[in-house]
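Student: Sharing protein33.txt below, compact mmCIF, C-alpha atoms:
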# COMPACT_ATOMS: atom_id res chain seq x y z
CA MET W 18 11.26 -28.06 34.75
CA GLU W 19 7.78 -29.19 33.70
CA LEU W 20 6.53 -25.67 33.06
CA VAL W 21 8.88 -25.13 30.07
CA ASN W 22 9.38 -28.77 29.07
CA LEU W 23 8.80 -29.23 25.33
CA ASN W 24 8.82 -33.02 25.64
CA SER W 25 5.44 -32.89 27.36
CA GLY W 26 2.67 -33.51 24.80
CA GLU W 27 5.20 -34.40 22.08
CA GLN W 28 4.05 -36.61 19.22
CA ASP W 29 5.95 -39.76 18.25
CA LYS W 30 9.13 -38.66 16.49
CA GLY W 31 8.77 -41.23 13.70
CA ARG W 32 5.25 -39.99 12.93
CA VAL W 33 6.41 -36.36 12.87
CA LEU W 34 9.22 -37.21 10.45
CA GLU W 35 6.78 -39.00 8.13
CA ASP W 36 4.49 -35.95 8.11
CA VAL W 37 7.43 -33.62 7.43
CA LYS W 38 8.69 -35.76 4.53
CA SER W 39 5.24 -35.94 2.92
CA GLY W 40 4.88 -32.15 3.23
CA THR W 41 8.03 -31.44 1.22
CA SER W 42 6.62 -32.78 -2.07
CA PHE W 43 5.48 -30.36 -4.79
CA ARG W 44 3.73 -32.55 -7.29
CA GLY W 45 0.14 -32.77 -8.50
CA ALA W 46 -2.33 -31.19 -6.09
CA ASN W 47 0.30 -29.34 -4.04
CA LEU W 48 1.62 -27.56 -7.13
CA TRP W 49 -1.91 -26.58 -8.22
CA VAL W 50 -2.71 -25.28 -4.73
CA LEU W 51 0.52 -23.24 -4.77
CA ALA W 52 -0.22 -21.73 -8.19
CA CYS W 53 -3.77 -20.80 -7.15
CA ALA W 54 -2.52 -19.31 -3.87
CA ILE W 55 0.02 -17.22 -5.81
CA VAL W 56 -2.72 -15.85 -8.10
CA ILE W 57 -4.91 -15.01 -5.07
CA ALA W 58 -2.00 -13.28 -3.29
CA SER W 59 -1.12 -11.36 -6.48
CA VAL W 60 -4.72 -10.14 -6.82
CA GLY W 61 -4.68 -9.10 -3.15
CA LEU W 62 -1.47 -7.13 -3.63
CA ASN W 63 -2.80 -5.66 -6.89
CA VAL W 64 -6.00 -4.32 -5.29
CA ASN W 65 -4.34 -3.60 -1.92
CA SER W 66 -6.60 -6.03 -0.03
CA THR W 67 -5.05 -7.33 3.21
CA ALA W 68 -7.87 -9.86 3.71
CA VAL W 69 -7.23 -11.50 0.32
CA ILE W 70 -3.47 -11.67 0.99
CA ILE W 71 -4.09 -13.35 4.36
CA GLY W 72 -6.38 -15.88 2.67
CA ALA W 73 -3.64 -16.74 0.16
CA MET W 74 -1.08 -17.21 2.94
CA LEU W 75 -3.39 -19.60 4.78
CA ILE W 76 -3.72 -21.99 1.81
CA SER W 77 -0.08 -21.79 0.72
CA PRO W 78 1.92 -25.05 1.08
CA LEU W 79 5.31 -23.27 0.98
CA MET W 80 6.17 -23.99 4.64
CA GLY W 81 6.51 -27.75 3.93
CA PRO W 82 9.92 -27.86 2.15
CA ILE W 83 11.39 -25.19 4.47
CA ILE W 84 10.48 -27.23 7.57
CA GLY W 85 11.79 -30.32 5.75
CA ALA W 86 15.15 -28.61 5.13
CA GLY W 87 15.40 -27.70 8.83
CA PHE W 88 14.67 -31.31 9.85
CA GLY W 89 17.17 -32.59 7.27
CA LEU W 90 19.90 -30.39 8.76
CA GLY W 91 18.95 -31.24 12.33
CA ILE W 92 19.04 -35.04 11.91
CA PHE W 93 21.80 -35.00 9.24
CA ASP W 94 19.46 -36.58 6.69
CA PHE W 95 21.09 -35.03 3.63
CA GLY W 96 18.72 -36.87 1.31
CA LEU W 97 15.76 -35.10 2.97
CA LEU W 98 17.68 -31.80 2.90
CA LYS W 99 18.45 -32.15 -0.81
CA ARG W 100 14.86 -33.13 -1.66
CA SER W 101 13.44 -30.24 0.39
CA LEU W 102 15.73 -27.66 -1.21
CA LYS W 103 14.95 -29.00 -4.69
CA ASN W 104 11.19 -28.79 -4.05
CA LEU W 105 11.58 -25.32 -2.54
CA ALA W 106 13.47 -24.20 -5.66
CA VAL W 107 10.69 -25.61 -7.90
CA ALA W 108 8.02 -23.89 -5.78
CA THR W 109 9.93 -20.59 -5.90
CA VAL W 110 10.37 -20.68 -9.69
CA VAL W 111 6.70 -21.62 -10.26
CA SER W 112 5.57 -18.85 -7.90
CA LEU W 113 7.74 -16.24 -9.62
CA LEU W 114 6.55 -17.36 -13.05
CA VAL W 115 2.84 -17.29 -12.12
CA SER W 116 3.04 -13.90 -10.36
CA THR W 117 5.10 -12.33 -13.18
CA VAL W 118 2.60 -13.50 -15.81
CA TYR W 119 -0.32 -12.23 -13.71
CA PHE W 120 1.18 -8.74 -13.25
CA MET W 121 2.15 -8.54 -16.93
CA LEU W 122 -1.45 -9.28 -17.92
CA SER W 123 -3.05 -7.12 -15.20
CA PRO W 124 -4.15 -3.67 -16.44
CA PHE W 125 -3.41 -2.21 -13.00
CA LYS W 126 0.31 -1.50 -12.63
CA GLU W 127 0.13 0.99 -9.72
CA THR W 128 2.50 0.27 -6.80
CA GLN W 129 0.17 -0.33 -3.85
CA THR W 130 1.20 0.05 -0.19
CA GLU W 131 0.98 -3.73 0.33
CA LEU W 132 3.57 -4.17 -2.44
CA LEU W 133 5.88 -1.47 -1.09
CA ALA W 134 5.81 -3.07 2.37
CA ARG W 135 7.63 -6.13 0.96
CA THR W 136 10.56 -4.32 -0.68
CA SER W 137 12.57 -3.06 2.33
CA PRO W 138 13.15 -5.86 4.87
CA ASN W 139 14.92 -5.20 8.16
CA ILE W 140 15.86 -6.82 11.49
CA TYR W 141 12.20 -7.00 12.55
CA ASP W 142 11.44 -9.30 9.61
CA ILE W 143 14.20 -11.63 10.85
CA LEU W 144 12.68 -11.70 14.34
CA ILE W 145 9.22 -12.45 12.90
CA ALA W 146 10.59 -15.25 10.69
CA PHE W 147 12.66 -16.83 13.48
CA PHE W 148 10.05 -16.78 16.24
CA GLY W 149 7.28 -17.64 13.79
CA GLY W 150 9.36 -20.60 12.68
CA LEU W 151 9.87 -21.68 16.30
CA VAL W 152 6.11 -21.64 16.92
CA GLY W 153 5.46 -23.55 13.69
CA VAL W 154 7.93 -26.35 14.46
CA ILE W 155 6.80 -26.67 18.06
CA ALA W 156 3.20 -26.99 16.82
CA ILE W 157 4.19 -29.68 14.27
CA THR W 158 5.83 -31.80 16.98
CA ARG W 159 2.76 -31.73 19.26
CA THR W 160 0.14 -34.48 19.58
CA GLU W 161 -2.57 -31.79 19.38
CA LYS W 162 -1.62 -29.30 16.70
CA GLY W 163 -3.88 -26.50 17.99
CA ASN W 164 -4.18 -23.08 16.34
CA PRO W 165 -0.59 -21.87 15.79
CA ILE W 166 -0.10 -23.17 12.21
CA PRO W 167 -2.48 -20.67 10.47
CA GLY W 168 -0.98 -17.85 12.54
CA VAL W 169 2.55 -18.88 11.56
CA ALA W 170 1.57 -18.94 7.86
CA ILE W 171 0.27 -15.36 8.17
CA ALA W 172 3.10 -14.00 10.34
CA THR W 173 6.01 -15.39 8.34
CA ALA W 174 4.41 -14.21 5.05
CA LEU W 175 6.19 -16.31 2.43
CA MET W 176 3.75 -15.65 -0.40
CA PRO W 177 3.62 -11.82 -0.62
CA PRO W 178 7.40 -11.34 -1.13
CA LEU W 179 7.36 -13.84 -4.01
CA CYS W 180 4.42 -12.07 -5.63
CA THR W 181 6.12 -8.69 -5.13
CA ALA W 182 9.27 -10.08 -6.77
CA GLY W 183 7.09 -11.18 -9.71
CA TYR W 184 5.61 -7.67 -9.83
CA GLY W 185 9.15 -6.21 -9.93
CA LEU W 186 10.02 -8.46 -12.88
CA ALA W 187 6.76 -7.61 -14.68
CA ILE W 188 7.34 -3.84 -14.53
CA GLY W 189 11.14 -4.06 -14.88
CA ASN W 190 11.86 -2.67 -11.39
CA PHE W 191 14.80 -4.73 -10.12
CA ARG W 192 14.99 -2.82 -6.83
CA PHE W 193 11.55 -4.23 -6.01
CA PHE W 194 12.62 -7.68 -7.21
CA PHE W 195 15.80 -7.91 -5.15
CA GLY W 196 14.23 -6.31 -2.06
CA ALA W 197 11.31 -8.78 -2.12
CA MET W 198 13.60 -11.77 -2.80
CA TYR W 199 15.81 -10.73 0.10
CA LEU W 200 12.76 -10.77 2.38
CA TYR W 201 11.75 -14.18 1.02
CA VAL W 202 15.24 -15.60 1.62
CA ILE W 203 15.22 -14.16 5.17
CA ASN W 204 11.93 -15.92 5.90
CA CYS W 205 13.08 -19.24 4.43
CA VAL W 206 16.48 -19.29 6.16
CA PHE W 207 15.32 -18.24 9.62
CA ILE W 208 12.34 -20.61 9.62
CA CYS W 209 14.83 -23.33 8.68
CA ILE W 210 17.23 -22.29 11.47
CA ALA W 211 14.38 -22.22 14.02
CA THR W 212 13.45 -25.76 12.90
CA PHE W 213 17.07 -26.90 13.28
CA ILE W 214 17.23 -25.55 16.84
CA ILE W 215 13.98 -27.27 17.95
CA VAL W 216 15.00 -30.57 16.29
CA LYS W 217 18.30 -30.49 18.20
CA TYR W 218 16.60 -29.48 21.45
CA LEU W 219 14.09 -32.36 21.21
CA LYS W 220 16.97 -34.78 20.41
CA TYR W 221 15.58 -36.30 17.22
CA PRO W 222 17.62 -39.35 16.23
CA THR W 223 20.15 -38.70 13.47
CA ALA W 224 19.63 -40.46 10.14
CA LYS W 225 23.32 -41.32 9.98
CA GLN W 226 26.36 -40.86 12.14
CA VAL W 227 28.56 -37.95 11.19
CA ASP W 228 31.94 -37.00 12.50
CA ALA W 229 32.61 -33.89 14.56
CA LYS W 230 34.17 -32.20 11.52
CA SER W 231 30.98 -32.53 9.43
CA GLU W 232 28.86 -31.34 12.35
CA LYS W 233 31.06 -28.26 12.73
CA ARG W 234 30.77 -27.59 9.01
CA VAL W 235 26.96 -27.49 9.28
CA LYS W 236 27.18 -25.08 12.21
CA TYR W 237 29.64 -22.86 10.31
CA ILE W 238 27.32 -22.74 7.28
CA ILE W 239 24.36 -21.78 9.48
CA SER W 240 26.42 -19.11 11.28
CA PHE W 241 27.59 -17.70 7.92
CA LEU W 242 23.99 -17.52 6.59
CA ILE W 243 22.84 -15.78 9.77
CA LEU W 244 25.64 -13.22 9.50
CA VAL W 245 25.11 -12.57 5.77
CA LEU W 246 21.38 -11.96 6.23
CA LEU W 247 21.62 -10.19 9.58
CA LEU W 248 24.03 -7.39 8.67
CA PRO W 249 22.02 -5.83 5.78
CA SER W 250 18.78 -6.13 7.75
CA ILE W 251 20.34 -4.33 10.74
CA TYR W 252 21.44 -1.55 8.37
CA PHE W 253 17.91 -1.25 6.91
CA ALA W 254 16.42 -1.20 10.43
CA TYR W 255 18.87 1.54 11.42
CA GLN W 256 17.89 3.55 8.33
CA LEU W 257 14.21 3.14 9.21
CA PHE W 258 14.88 4.28 12.79
CA GLN W 259 16.83 7.32 11.57
CA GLN W 260 14.09 8.23 9.09
CA LYS W 261 11.41 8.09 11.79
CA LYS W 262 13.53 10.23 14.13
CA TYR W 263 14.12 12.73 11.32
CA SER W 264 10.37 12.86 10.55
CA GLN W 265 9.59 13.59 14.21
CA LYS W 266 12.12 16.44 14.29
CA THR W 267 10.76 17.80 11.01
CA GLU W 268 7.19 17.82 12.39
CA LEU W 269 8.40 19.61 15.54
CA PHE W 270 10.17 22.27 13.44
CA ILE W 271 7.15 22.84 11.18
CA ASP W 272 4.69 22.98 14.10
CA SER W 273 6.85 25.39 16.14
CA GLU W 274 7.88 27.74 13.34
CA PHE W 275 4.77 27.76 11.15
CA VAL W 276 1.62 25.99 12.38
CA ASP W 277 1.72 27.52 15.90
CA LYS W 278 2.10 30.96 14.30
CA GLY W 279 -1.10 30.49 12.28
CA TYR W 280 0.43 29.92 8.83
CA THR W 281 -1.61 27.53 6.69
CA ILE W 282 0.56 24.94 4.92
CA LEU W 283 -0.79 23.96 1.51
CA TYR W 284 1.87 21.42 0.53
CA LYS W 285 4.61 19.61 2.47
CA GLN W 286 7.25 17.13 1.35
CA THR W 287 10.31 15.75 3.13
CA LYS W 288 13.16 14.25 1.09
CA PHE W 289 15.25 12.08 3.44
CA ASN W 290 17.53 10.40 0.88
CA THR W 291 18.85 13.50 -0.90
CA VAL W 292 22.11 15.30 -0.05
CA PRO W 293 21.43 17.61 1.65
CA LYS W 294 18.05 16.49 2.94
CA ARG W 295 15.19 18.77 1.91
CA ILE W 296 12.01 20.10 3.49
CA GLU W 297 9.75 21.66 0.85
CA LEU W 298 6.77 23.78 1.94
CA VAL W 299 4.07 25.79 0.20
CA PHE W 300 1.89 28.23 2.14
CA LEU W 301 -1.64 29.34 1.37
CA SER W 302 -1.06 33.09 1.65
CA LYS W 303 2.11 33.84 3.64
CA LYS W 304 5.04 35.12 1.58
CA PHE W 305 8.56 34.90 3.01
CA SER W 306 11.46 37.19 2.14
CA ASP W 307 14.90 35.82 1.31
CA ILE W 308 16.18 36.99 4.72
CA GLU W 309 13.35 35.17 6.53
CA ILE W 310 14.06 31.94 4.62
CA LYS W 311 17.77 32.27 5.45
CA ASP W 312 16.99 32.71 9.15
CA LEU W 313 14.66 29.70 9.12
CA ASN W 314 17.41 27.58 7.53
CA LYS W 315 19.75 28.61 10.36
CA LYS W 316 17.17 27.45 12.91
CA LEU W 317 17.15 23.90 11.49
CA SER W 318 20.24 22.95 13.52
CA ILE W 319 18.42 23.91 16.74
CA TYR W 320 15.88 21.15 16.01
CA GLY W 321 18.59 18.58 15.22
CA LEU W 322 18.04 18.87 11.44
CA ALA W 323 21.66 19.18 10.38
CA ASN W 324 22.51 18.72 6.69
CA THR W 325 18.98 19.84 5.74
CA ARG W 326 17.80 22.62 3.46
CA LEU W 327 14.42 24.33 3.83
CA VAL W 328 12.82 25.25 0.51
CA ILE W 329 9.72 27.46 0.54
CA ARG W 330 8.05 27.37 -2.88
CA GLN W 331 6.44 30.68 -3.77
CA ASP W 332 6.20 30.43 -7.59
CA THR W 333 2.53 29.50 -8.12
CA THR W 334 3.11 28.01 -11.59
CA ASP W 335 5.72 25.55 -10.34
CA ILE W 336 3.70 24.86 -7.21
CA LYS W 337 0.63 23.88 -9.21
CA LYS W 338 2.72 21.59 -11.41
CA ASP W 339 4.39 19.93 -8.40
CA ILE W 340 1.08 19.42 -6.60
CA LEU W 341 -0.43 17.85 -9.72
CA ASP W 342 2.63 15.59 -10.10
CA GLU W 343 2.31 14.58 -6.45
CA ILE W 344 -1.36 13.75 -6.93
CA LYS W 345 -0.48 11.61 -9.96
CA ARG W 346 2.23 9.78 -7.99
CA ASP W 347 -0.17 9.19 -5.15
CA ARG W 348 -3.05 7.91 -7.26
CA THR W 349 -3.33 4.80 -5.10
CA ALA W 350 -4.77 6.92 -2.30
CA VAL W 351 -7.45 8.43 -4.53
CA ASN W 352 -10.81 6.71 -4.71
CA GLU W 353 -12.40 7.04 -8.14
CA LYS W 354 -15.90 6.74 -6.71
CA ASP W 355 -15.23 9.67 -4.39
CA ILE W 356 -14.11 11.75 -7.37
CA MET W 357 -17.24 10.83 -9.31
CA ILE W 358 -19.48 11.66 -6.34
CA SER W 359 -17.71 15.00 -5.91
CA LYS W 360 -18.20 15.85 -9.59
CA LEU W 361 -21.88 14.91 -9.46
CA ARG W 362 -22.34 17.08 -6.37
CA GLN W 363 -20.69 20.01 -8.14
CA GLU W 364 -22.89 19.55 -11.20
CA LEU W 365 -25.97 19.29 -9.01
CA ALA W 366 -24.99 22.44 -7.12
CA GLN W 367 -24.47 24.29 -10.40
CA SER W 368 -27.88 23.23 -11.69
CA ARG W 369 -29.75 24.56 -8.64
CA TYR W 370 -31.21 28.04 -8.58
CA ASP W 371 -32.54 30.04 -5.66
CA ASN W 372 -36.07 30.51 -7.04
CA LYS W 373 -37.29 32.37 -3.96
CA GLY W 374 -34.39 34.85 -3.97
CA LEU W 375 -34.62 35.35 -7.72
CA LEU W 376 -38.36 36.05 -7.52
CA SER W 377 -37.84 38.95 -5.10
CA GLU W 378 -35.25 40.50 -7.46
CA ILE W 379 -37.31 39.92 -10.63
CA ARG W 380 -40.47 41.44 -9.14
CA VAL W 381 -38.60 44.73 -8.60
CA LEU W 382 -38.03 44.85 -12.37
CA PHE W 383 -41.25 43.13 -13.46
CA PRO W 384 -44.00 43.66 -10.85
CA GLU W 385 -46.56 41.74 -12.96
CA ILE W 386 -44.69 38.44 -12.29
CA GLU W 387 -46.13 36.50 -9.32
CA ASN W 388 -44.02 33.31 -9.28
CA ILE W 389 -41.12 31.70 -11.16
CA SER W 390 -39.39 28.35 -11.60
CA ILE W 391 -35.95 28.01 -13.21
CA SER W 392 -33.93 24.92 -14.01
CA ASN W 393 -31.39 23.66 -16.54
CA HIS W 394 -32.66 21.93 -19.65
CA THR W 395 -30.41 19.78 -21.90
CA TYR W 396 -30.99 19.75 -25.66
CA ASN W 397 -29.58 17.01 -27.89
CA GLU W 398 -28.26 18.49 -31.10
CA SER W 399 -27.95 16.90 -34.53
CA THR W 400 -24.16 16.64 -34.13
CA ASP W 401 -24.66 14.07 -31.33
CA SER W 402 -23.50 16.65 -28.81
CA SER W 403 -25.70 18.35 -26.22
CA LYS W 404 -26.05 21.77 -24.65
CA THR W 405 -27.61 22.90 -21.38
CA VAL W 406 -29.73 26.06 -21.27
CA PRO W 407 -31.41 27.62 -18.20
CA VAL W 408 -35.18 27.79 -18.73
CA LEU W 409 -37.32 30.25 -16.69
CA ILE W 410 -41.07 29.68 -16.43
CA TYR W 411 -43.09 32.49 -14.88
CA LYS W 412 -46.69 33.05 -13.76
CA GLY W 413 -48.29 36.44 -13.61
CA ARG W 414 -51.41 38.50 -13.98
CA LYS W 415 -50.71 38.88 -17.69
CA GLU W 416 -48.22 37.66 -20.24
CA LEU W 417 -45.02 39.68 -20.64
CA SER W 418 -44.51 41.52 -23.89
CA GLN W 419 -41.80 40.24 -26.22
CA ASP W 420 -39.61 43.22 -25.29
CA SER W 421 -40.01 42.52 -21.56
CA ARG W 422 -39.23 38.82 -22.08
CA ASN W 423 -36.06 39.73 -23.97
CA LYS W 424 -34.99 42.09 -21.18
CA LEU W 425 -35.65 39.41 -18.53
CA ALA W 426 -33.64 36.87 -20.53
CA GLN W 427 -30.73 39.33 -20.93
CA TRP W 428 -30.80 40.10 -17.20
CA MET W 429 -30.61 36.36 -16.41
CA GLN W 430 -27.75 35.91 -18.90
CA GLN W 431 -25.74 38.63 -17.17
CA LYS W 432 -26.53 37.35 -13.68
CA PHE W 433 -25.50 33.72 -14.34
CA SER W 434 -22.92 34.32 -17.10
CA LYS W 435 -24.89 32.23 -19.58
CA LYS W 436 -24.92 32.66 -23.36
CA LYS W 437 -28.64 31.93 -23.59
CA VAL W 438 -31.66 31.87 -21.23
CA GLU W 439 -35.14 30.93 -22.38
CA VAL W 440 -38.27 32.54 -20.83
CA TYR W 441 -41.79 31.09 -21.03
CA MET W 442 -45.13 31.78 -19.36
CA GLY W 443 -46.47 28.84 -17.38
CA GLN W 444 -49.87 27.29 -18.08
CA ASP W 445 -52.41 26.96 -15.26
Could you rewrite the structure in this file as structure tokens?
Tutor:
Amino acid sequence: MELVNLNSGEQDKGRVLEDVKSGTSFRGANLWVLACAIVIASVGLNVNSTAVIIGAMLISPLMGPIIGAGFGLGIFDFGLLKRSLKNLAVATVVSLLVSTVYFMLSPFKETQTELLARTSPNIYDILIAFFGGLVGVIAITRTEKGNPIPGVAIATALMPPLCTAGYGLAIGNFRFFFGAMYLYVINCVFICIATFIIVKYLKYPTAKQVDAKSEKRVKYIISFLILVLLLPSIYFAYQLFQQKKYSQKTELFIDSEFVDKGYTILYKQTKFNTVPKRIELVFLSKKFSDIEIKDLNKKLSIYGLANTRLVIRQDTTDIKKDILDEIKRDRTAVNEKDIMISKLRQELAQSRYDNKGLLSEIRVLFPEIENISISNHTYNESTDSSKTVPVLIYKGRKELSQDSRNKLAQWMQQKFSKKKVEVYMGQD
């Protein structure tokens, strides 16, 4: 059927094979491009910039040896297969080395969300790798390449897992390393399998005749790789599905039992991987008795939250410590500029005085005063430190006596809880 015929618009098979073979090499310029792309991707992961990571994926030449391995398997060119795997191994080692060195030298060791996203692969990553690989191989075999190749480079995401693995090595976190390497292997294998399928479908001529036994062996190896990579990823996908379902039930329980009743929740944390699972809550003002907490724990089963314990934290000392620890753990979400702006606003607010309101109060005590202006003044001391003192300048029909000035200064000290306030008469 012409509508789904892949032979339509196909490039000469000999030309395609030449392009594939030339793309497997990792010498000279290709190796430099790879190293630079790894540094760019590592910076993107380090600063949590999706745009930078995408840019690194677009210039990465890692797809070449993987496609070459798929072609080698498909046409039984074991020389091409061996060369492709060797170059892929070199590229992988170089990438790991460059990313590890970068993250060891980088002063920023925080685990960003872009890094975390590459440590827990699942079945969806297999689907992305396989169908992305299909699109990439189909595009390579066309006379007009079109736009798919950049999209495939972004979708299959070979670079970020390698950089994340390097990050895991740099900080000594082997869970990150193995999780990221598992994702990288998934991408490589399923792009290779997609290439094998398209090569077979388009009937590329075999490099050498092989017997049925050798052909079966290749198919068995591919089937074994699929099974080995598929089973753990299905388990991870199932865990992700269960966690999302549990989160939805938890939100329903909290909304129904607390939020809808007008209780303000100050702190909330769900621990899915503990035994039993835990829901920890802190409330702004509501205090619960032991009987109420026991009844709420009994209600958890109604919401499908079996094997879960509700913990309501009511010790303010521990609560403050836990909230501070949570803020420290979640530093990646805090913007330093926002903190600085907030501090400056607080300082500015503290340095402002309601001159108009103060004047009405002061005139009750000192009717001779007609107008005032008060602001903070900073003095630099000989010890290289500084101190800020409120200074009040007044205008009136006559100058206040020293006793009246002292009383006014004392009144201001009491009102604003200041150790010292200076009072002067303004000059016309």
Student: Taking all atoms listed in the file into account, which of W:Tyr199, W:Val206, W:Ala224, W:Gln431 comes nearest Ser240 in chain W?
Tutor: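 Nearest to Ser240 in chain W: W:Val206.
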Student: For a quick check of understanding, using only C-alpha atoms, which of W:Ala254, W:Gly443, W:Lys99, W:Ser59 has the smallest distance to Ala182 in chain W?
Tutor: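 Nearest to Ala182 in chain W: W:Ser59.
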Student: Just to confirm, what's the straight-line distance from CA of Tyr237 in chain W to CA of Ile203 in chain W in Å (one decimal)?
Tutor: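 Interatomic distance, CA of Tyr237 in chain W to CA of Ile203 in chain W: 17.6 Å.
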Student: Between CA of Phe207 in chain W and CA of Asp94 in chain W, measure the distance and give it in Å to one decimal.
Tutor: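 About the pair CA of Phe207 in chain W and CA of Asp94 in chain W: they are 19.0 Å apart.
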Student: Could you list, as a PyMOL selection string, every residue within 12 Å of Val276 in chain W, counting all atoms listed in the file and ignoring same-chain residues fewer than 6 positions away?
Tutor: chain W and resi 268-270+282-283+298+300-301+303
Student: Using all atoms listed in the file, which of W:Leu417, W:Leu51, W:Ile310, W:Leu246 sits nearest Glu385 in chain W?
Tutor: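 The shortest atom-to-atom distance to Glu385 in chain W comes from W:Leu417.
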Student: If we count all atoms listed in the file, what is near Leu200 in chain W at a cut-off of 10 Å, once residues fewer than 2 positions away on the same chain are taken out, given as a list in words?
Tutor: Arg135, Thr136, Ser137, Pro138, Asn139, Asp142, Ile143, Ala146, Ala174, Leu175, Pro177, Pro178, Leu179, Ala182, Phe195, Gly196, Ala197, Met198, Val202, Ile203, Asn204, Cys205, Leu246 and Ser250 of chain W
Student: Find the distance between CA of Leu242 in chain W and CA of Ala229 in chain W and write it in Å to one decimal.
Tutor: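 So the two atoms, CA of Leu242 in chain W and CA of Ala229 in chain W, lie 20.1 Å apart.
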Student: Taking all atoms listed in the file into account, name the residue in W:Lys220, W:Ser77, W:Leu90, W:Leu248 that is nearest to Lys236 in chain W.
Tutor: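 Ranking W:Lys220, W:Ser77, W:Leu90, W:Leu248 by distance to Lys236 in chain W, first place goes to W:Leu90.
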Student: Quick one: what's the axis-aligned box for range 193-210 of chain W, all listed atoms, 4 Å on every side, centre and edges in Å to one decimal, as AutoDock Vina command-line options?
Tutor:
--center_x 14.3 --center_y -13.8 --center_z 2.1 --size_x 13.9 --size_y 27.1 --size_z 26.7
Student: I'd like the contact shell of range 112-127 of chain W - 10 Å cut-off, all atoms listed in the file, skipping same-chain residues fewer than 4 positions apart - returned as a PyMOL selection string.
Tutor: chain W and resi 48+51-60+63-64+79+106-108+132+176-188+346-349
Student: So that I can check the surroundings of Asp371 in chain W, please list as a PyMOL selection string every protein, DNA and RNA residue that reaches within 10 Å of it, counting only C-alpha atoms and ignoring chain neighbours fewer than 6 positions away.
Tutor: chain W and resi 390-392
Student: My list of candidates is W:Tyr263, W:Ile239, W:Ser273, W:Gln430. Which is closest to Arg295 in chain W when distances are computed with all atoms listed in the file?
Tutor: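 Closest candidate: W:Tyr263.
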Student: Taking into account only C-alpha atoms, which residue in the set W:Leu244, W:Gly189, W:Tyr252, W:Ile210 is nearest to Ile140 in chain W?
Tutor: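 That would be W:Tyr252, the residue with the smallest distance to Ile140 in chain W.
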Student: Missing atoms in range 288-299 of chain W: can you complete it with N, CA and C atoms, as a CSV table (one decimal), in the frame of the given file?
Tutor:
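Okay, this is what ended up in result20.csv:
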chain,number,residue,atom,x,y,z
W,288,LYS,N,12.3,15.1,1.9
W,288,LYS,CA,13.2,14.2,1.1
W,288,LYS,C,14.3,13.8,2.0
W,289,PHE,N,14.3,12.6,2.5
W,289,PHE,CA,15.2,12.1,3.4
W,289,PHE,C,16.5,11.6,2.8
W,290,ASN,N,16.4,11.1,1.5
W,290,ASN,CA,17.5,10.4,0.9
W,290,ASN,C,18.4,11.3,0.0
W,291,THR,N,18.0,12.6,-0.1
W,291,THR,CA,18.8,13.5,-0.9
W,291,THR,C,20.0,14.1,-0.1
W,292,VAL,N,21.0,14.6,-0.7
W,292,VAL,CA,22.1,15.3,0.0
W,292,VAL,C,22.2,16.7,-0.6
W,293,PRO,N,21.9,17.8,0.3
W,293,PRO,CA,21.4,17.6,1.6
W,293,PRO,C,20.0,17.2,1.6
W,294,LYS,N,19.5,16.8,2.8
W,294,LYS,CA,18.0,16.5,2.9
W,294,LYS,C,17.3,17.8,2.7
W,295,ARG,N,16.0,17.6,2.3
W,295,ARG,CA,15.2,18.8,1.9
W,295,ARG,C,13.8,18.7,2.6
W,296,ILE,N,13.4,19.9,3.0
W,296,ILE,CA,12.0,20.1,3.5
W,296,ILE,C,11.4,21.1,2.6
W,297,GLU,N,10.4,20.7,1.8
W,297,GLU,CA,9.8,21.7,0.8
W,297,GLU,C,8.4,22.0,1.4
W,298,LEU,N,8.1,23.3,1.4
W,298,LEU,CA,6.8,23.8,1.9
W,298,LEU,C,6.2,24.8,1.0
W,299,VAL,N,4.8,24.8,0.9
W,299,VAL,CA,4.1,25.8,0.2
W,299,VAL,C,3.0,26.3,1.1
